[in-house]
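Written out below as structure tokens is the structure these notes cover.
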Amino acid sequence: MDVENRPSELVGMVTNLGREPLTDNEGRLHRYSVSPAGREDSTKFTEELITFIDRLADPVVERGHRVLGCGISVSGHVDQGVVRISYSAGWGGPKAEDAFPLEEQLVSLPFGVALDNDITSLALHQNISGRPRESYAVVAVLPEGVGGGLVIHGGTWRGSQGMAGEIGHITTRIGKRACHRCGKEGCVEAYATPYALLDQAKPLGITDLEELASRPSTEESIVKLFRSGGRALGQGLEPLINWVNPASIYIYLPPSLSMENRFLAGHAYREEVESEIQHSFSTGARTRLFYEVKSGAEMDALGVRAAASLVLGRLIDHVEKQQDPKSLLRRPN
Ligand SMILES: [Zn+2]
């Protein structure tokens with residue numbers, strides 16, 4: 001079972017081990033809007049999360065299935081079951097003592113919980129699903145944030161405190177626009193997200209990203225926004241390439257930021273991403289970029305499957321840590 005967290009909304013689904021929806025659950029994504037009280041209070045939010053998980057699990061258990069575990073993906077800094085800071089969920093905070101031990105809070109559930117960052121979960125999901133055992137990065141531009149995940153030689157890399165891949169808060173050279181989440185000036189997220197683009201387009205009276213991206217490329221003021229957005233993302237990828245030298249980067253983008261038609265404003269975004277990474281040192285600019293263009297609904301569906309992969313990932317880790325993994329596959333006497 002898996003649950004993915006979004007700003008004030010929980011999205012969940014019950015899957016099988018292949019991380020496909022259970023047929024008796026009709027493949028439907030279940031949604032729950034967190035109450036205003038839950039948005040204010042972490043403990044109340046957690047209570048609502050437990051209710052939501054029970055509502056997903058109970059019908060499946062009643063039909064005779066066994067729930068192996070619950071994967072939870074949440075945006076922000078997640079460190080070994082503890083949410084250090086998640087702006088979208090309101091868990092944790094900038095001070096160390098604000099950290100919110102979410103896994104521990106869910107100990108009353110009758111199955112184990114595996115918690116991780118949303119894009120690290122996506123990288124793990126992609127890795128379990130059969131990508132080559134090479135080093136690569138996964139980057140996703142979400143409505144309000146930019147997240148990253150790393151796979152190094154076939155293993156998910158979380159860093160010493162689970163923060164590896166937080167590409168959204170790398171400082172760019174674009175300007176001094178304040179990041180609406182961390183408050184720092186010039187973050188990738190201050191320019192590269194749909195939220196940042198629409199926020200800057202407010203004086204033009206456009207509130208829809210698709211509409212903004214579909215304006216003709218002769219409208220310089222709009223093209224400029226997409227250029228800044230793409231450059232910001234590219235400048236976030238540049239240190240990633242120089243530090244990690246991944247073989248490939250998989251970039252998840254909404255359709256409006258991945259437009260093929262060069263006569264439309266949105267086309268400038270990807271063009272600038274590609275131009276910016278040319279600044280990487282030596283052969284870094286030859287890093288292969290793969291674009292995964294996904295609508296919001298498609299990202300939701302992928303997100304819950306990625307959360308389910310966390311449960312599978314824990315099982316695989318457990319097997320790999322056994323001193324004699326071969327013994328696990330021996331037939332019982
Ligand atoms: Zn920031």
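Just so we're on the same page: first chain in the structure tokens is A, next is B, and so on; residues restart at 1 for each chain, and ligands are numbered from 1 in the order they show up.
A distance cut-off of 7 Å from ligand 1, applied to only C-alpha atoms and all ligand atoms, picks out the residues Gly168, His169, Cys179, His180, Arg181, Cys182, Gly183, Lys184, Cys187, Glu189 and Ala190 of chain A.
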For Glu292 in chain A: contacts at 8 Å, only C-alpha atoms, fewer than 6 positions along chain excluded, given as a VMD selection string: chain A and resid 250 to 253
Using the selection just defined, write its residues with N, CA, C and O atoms as a PDB file, in the first residue's frame.
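And here's part_23.pdb as it stands now:
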ATOM      1  N   TYR A 250      17.169  11.830 -16.019  1.00  0.00           N
ATOM      2  CA  TYR A 250      15.766  11.714 -16.428  1.00  0.00           C
ATOM      3  C   TYR A 250      15.030  12.924 -15.865  1.00  0.00           C
ATOM      4  O   TYR A 250      15.014  13.127 -14.649  1.00  0.00           O
ATOM      5  N   ILE A 251      14.482  13.737 -16.751  1.00  0.00           N
ATOM      6  CA  ILE A 251      13.833  14.973 -16.303  1.00  0.00           C
ATOM      7  C   ILE A 251      12.318  14.861 -16.508  1.00  0.00           C
ATOM      8  O   ILE A 251      11.848  14.757 -17.644  1.00  0.00           O
ATOM      9  N   TYR A 252      11.589  14.853 -15.401  1.00  0.00           N
ATOM     10  CA  TYR A 252      10.124  14.799 -15.461  1.00  0.00           C
ATOM     11  C   TYR A 252       9.593  16.223 -15.537  1.00  0.00           C
ATOM     12  O   TYR A 252       9.860  17.039 -14.656  1.00  0.00           O
ATOM     13  N   LEU A 253       8.865  16.499 -16.617  1.00  0.00           N
ATOM     14  CA  LEU A 253       8.349  17.848 -16.842  1.00  0.00           C
ATOM     15  C   LEU A 253       6.862  17.806 -17.172  1.00  0.00           C
ATOM     16  O   LEU A 253       6.395  16.870 -17.819  1.00  0.00           O
TER      17      LEU A 253
END
Contacts between range 141-164 of chain A and range 49-83 of chain A, please, where a residue of range 49-83 of chain A counts if it comes within 8 Å (with only C-alpha atoms); show its shortest atom pair and distance in Å to one decimal, rows by chain and ascending number, as a Markdown table.
| residue | atom | partner | partner_atom | distance |
| --- | --- | --- | --- | --- |
| A:Ser75 | CA | A:Gly147 | CA | 7.7 |
| A:His77 | CA | A:Met163 | CA | 5.6 |
| A:Val78 | CA | A:Gly162 | CA | 5.8 |
| A:Asp79 | CA | A:Gly162 | CA | 4.6 |
| A:Gln80 | CA | A:Gly162 | CA | 7.0 |
Next, the residues of the selection above should be written as a compact mmCIF listing (two decimals), in the first residue's frame with all heavy atoms.
# COMPACT_ATOMS: atom_id res chain seq x y z
N SER A 75 7.47 15.32 -0.09
CA SER A 75 8.49 16.21 -0.64
C SER A 75 9.28 16.83 0.51
O SER A 75 8.79 16.89 1.65
CB SER A 75 7.85 17.32 -1.48
OG SER A 75 7.16 18.20 -0.64
N HIS A 77 12.98 17.33 2.91
CA HIS A 77 14.12 16.61 3.47
C HIS A 77 13.64 15.52 4.41
O HIS A 77 13.09 15.80 5.47
CB HIS A 77 15.02 17.62 4.20
CG HIS A 77 16.25 17.01 4.80
ND1 HIS A 77 17.12 17.73 5.57
CD2 HIS A 77 16.75 15.75 4.76
CE1 HIS A 77 18.10 16.94 5.96
NE2 HIS A 77 17.89 15.73 5.49
N VAL A 78 13.85 14.27 4.00
CA VAL A 78 13.44 13.12 4.80
C VAL A 78 14.70 12.35 5.17
O VAL A 78 15.51 12.01 4.30
CB VAL A 78 12.47 12.21 4.00
CG1 VAL A 78 12.04 11.03 4.86
CG2 VAL A 78 11.26 13.00 3.53
N ASP A 79 14.88 12.08 6.47
CA ASP A 79 16.10 11.44 6.95
C ASP A 79 15.76 10.26 7.84
O ASP A 79 15.35 10.45 8.98
CB ASP A 79 16.91 12.51 7.72
CG ASP A 79 18.22 11.98 8.26
OD1 ASP A 79 18.64 10.90 7.85
OD2 ASP A 79 18.81 12.68 9.11
N GLN A 80 15.89 9.06 7.30
CA GLN A 80 15.68 7.82 8.07
C GLN A 80 14.39 7.84 8.89
O GLN A 80 14.41 7.68 10.11
CB GLN A 80 16.86 7.59 9.00
CG GLN A 80 18.15 7.63 8.23
CD GLN A 80 19.18 6.63 8.75
OE1 GLN A 80 18.86 5.64 9.37
NE2 GLN A 80 20.43 6.90 8.48
message: Using DSSP secondary structure from the backbone, list all alpha helix (DSSP H) positions within range 121-252 of chain A, as an MDAnalysis selection string.
response: chainID A and resid 121:128 194:200 209:213 220:244
Would you mind exporting C-alpha atoms of the selected residues as a JSON list (two decimals), in the first residue's frame?
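For reference, part-v8.json as written:
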[["chain", "number", "residue", "atom", "x", "y", "z"],
["A", 121, "SER", "CA", 11.20, 7.23, -4.19],
["A", 122, "LEU", "CA", 10.80, 7.85, -7.92],
["A", 123, "ALA", "CA", 14.50, 7.09, -8.51],
["A", 124, "LEU", "CA", 14.16, 3.87, -6.51],
["A", 125, "HIS", "CA", 11.00, 2.94, -8.42],
["A", 126, "GLN", "CA", 12.75, 3.54, -11.74],
["A", 127, "ASN", "CA", 15.75, 1.52, -10.57],
["A", 128, "ILE", "CA", 13.70, -1.47, -9.38],
["A", 194, "PRO", "CA", 4.97, 26.37, -12.78],
["A", 195, "TYR", "CA", 4.20, 28.29, -9.56],
["A", 196, "ALA", "CA", 7.17, 30.64, -10.08],
["A", 197, "LEU", "CA", 6.32, 31.19, -13.76],
["A", 198, "LEU", "CA", 2.67, 31.98, -13.05],
["A", 199, "ASP", "CA", 3.59, 34.18, -10.09],
["A", 200, "GLN", "CA", 5.77, 36.28, -12.40],
["A", 209, "LEU", "CA", 0.48, 27.49, -17.34],
["A", 210, "GLU", "CA", -0.75, 25.89, -20.56],
["A", 211, "GLU", "CA", -2.18, 29.21, -21.69],
["A", 212, "LEU", "CA", 1.07, 30.98, -20.80],
["A", 213, "ALA", "CA", 3.23, 28.41, -22.61],
["A", 220, "GLU", "CA", 9.23, 38.48, -25.59],
["A", 221, "SER", "CA", 8.14, 39.20, -22.00],
["A", 222, "ILE", "CA", 6.58, 35.73, -21.75],
["A", 223, "VAL", "CA", 9.42, 33.94, -23.56],
["A", 224, "LYS", "CA", 11.78, 35.59, -21.10],
["A", 225, "LEU", "CA", 10.02, 33.90, -18.18],
["A", 226, "PHE", "CA", 10.40, 30.45, -19.77],
["A", 227, "ARG", "CA", 14.04, 31.25, -20.58],
["A", 228, "SER", "CA", 14.74, 32.14, -16.94],
["A", 229, "GLY", "CA", 12.94, 28.99, -15.79],
["A", 230, "GLY", "CA", 14.91, 26.72, -18.13],
["A", 231, "ARG", "CA", 18.20, 28.45, -17.30],
["A", 232, "ALA", "CA", 17.52, 28.05, -13.58],
["A", 233, "LEU", "CA", 16.89, 24.33, -13.99],
["A", 234, "GLY", "CA", 20.00, 24.01, -16.21],
["A", 235, "GLN", "CA", 22.08, 25.85, -13.60],
["A", 236, "GLY", "CA", 20.81, 23.37, -11.01],
["A", 237, "LEU", "CA", 21.87, 20.46, -13.23],
["A", 238, "GLU", "CA", 25.33, 21.86, -13.91],
["A", 239, "PRO", "CA", 26.78, 21.24, -10.39],
["A", 240, "LEU", "CA", 25.05, 17.86, -10.36],
["A", 241, "ILE", "CA", 26.90, 16.93, -13.56],
["A", 242, "ASN", "CA", 30.23, 18.29, -12.29],
["A", 243, "TRP", "CA", 29.98, 16.55, -8.92],
["A", 244, "VAL", "CA", 28.40, 13.25, -9.85]]
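Interatomic distance, CA of His65 in chain A to CA of Val14 in chain A: 10.6 Å.
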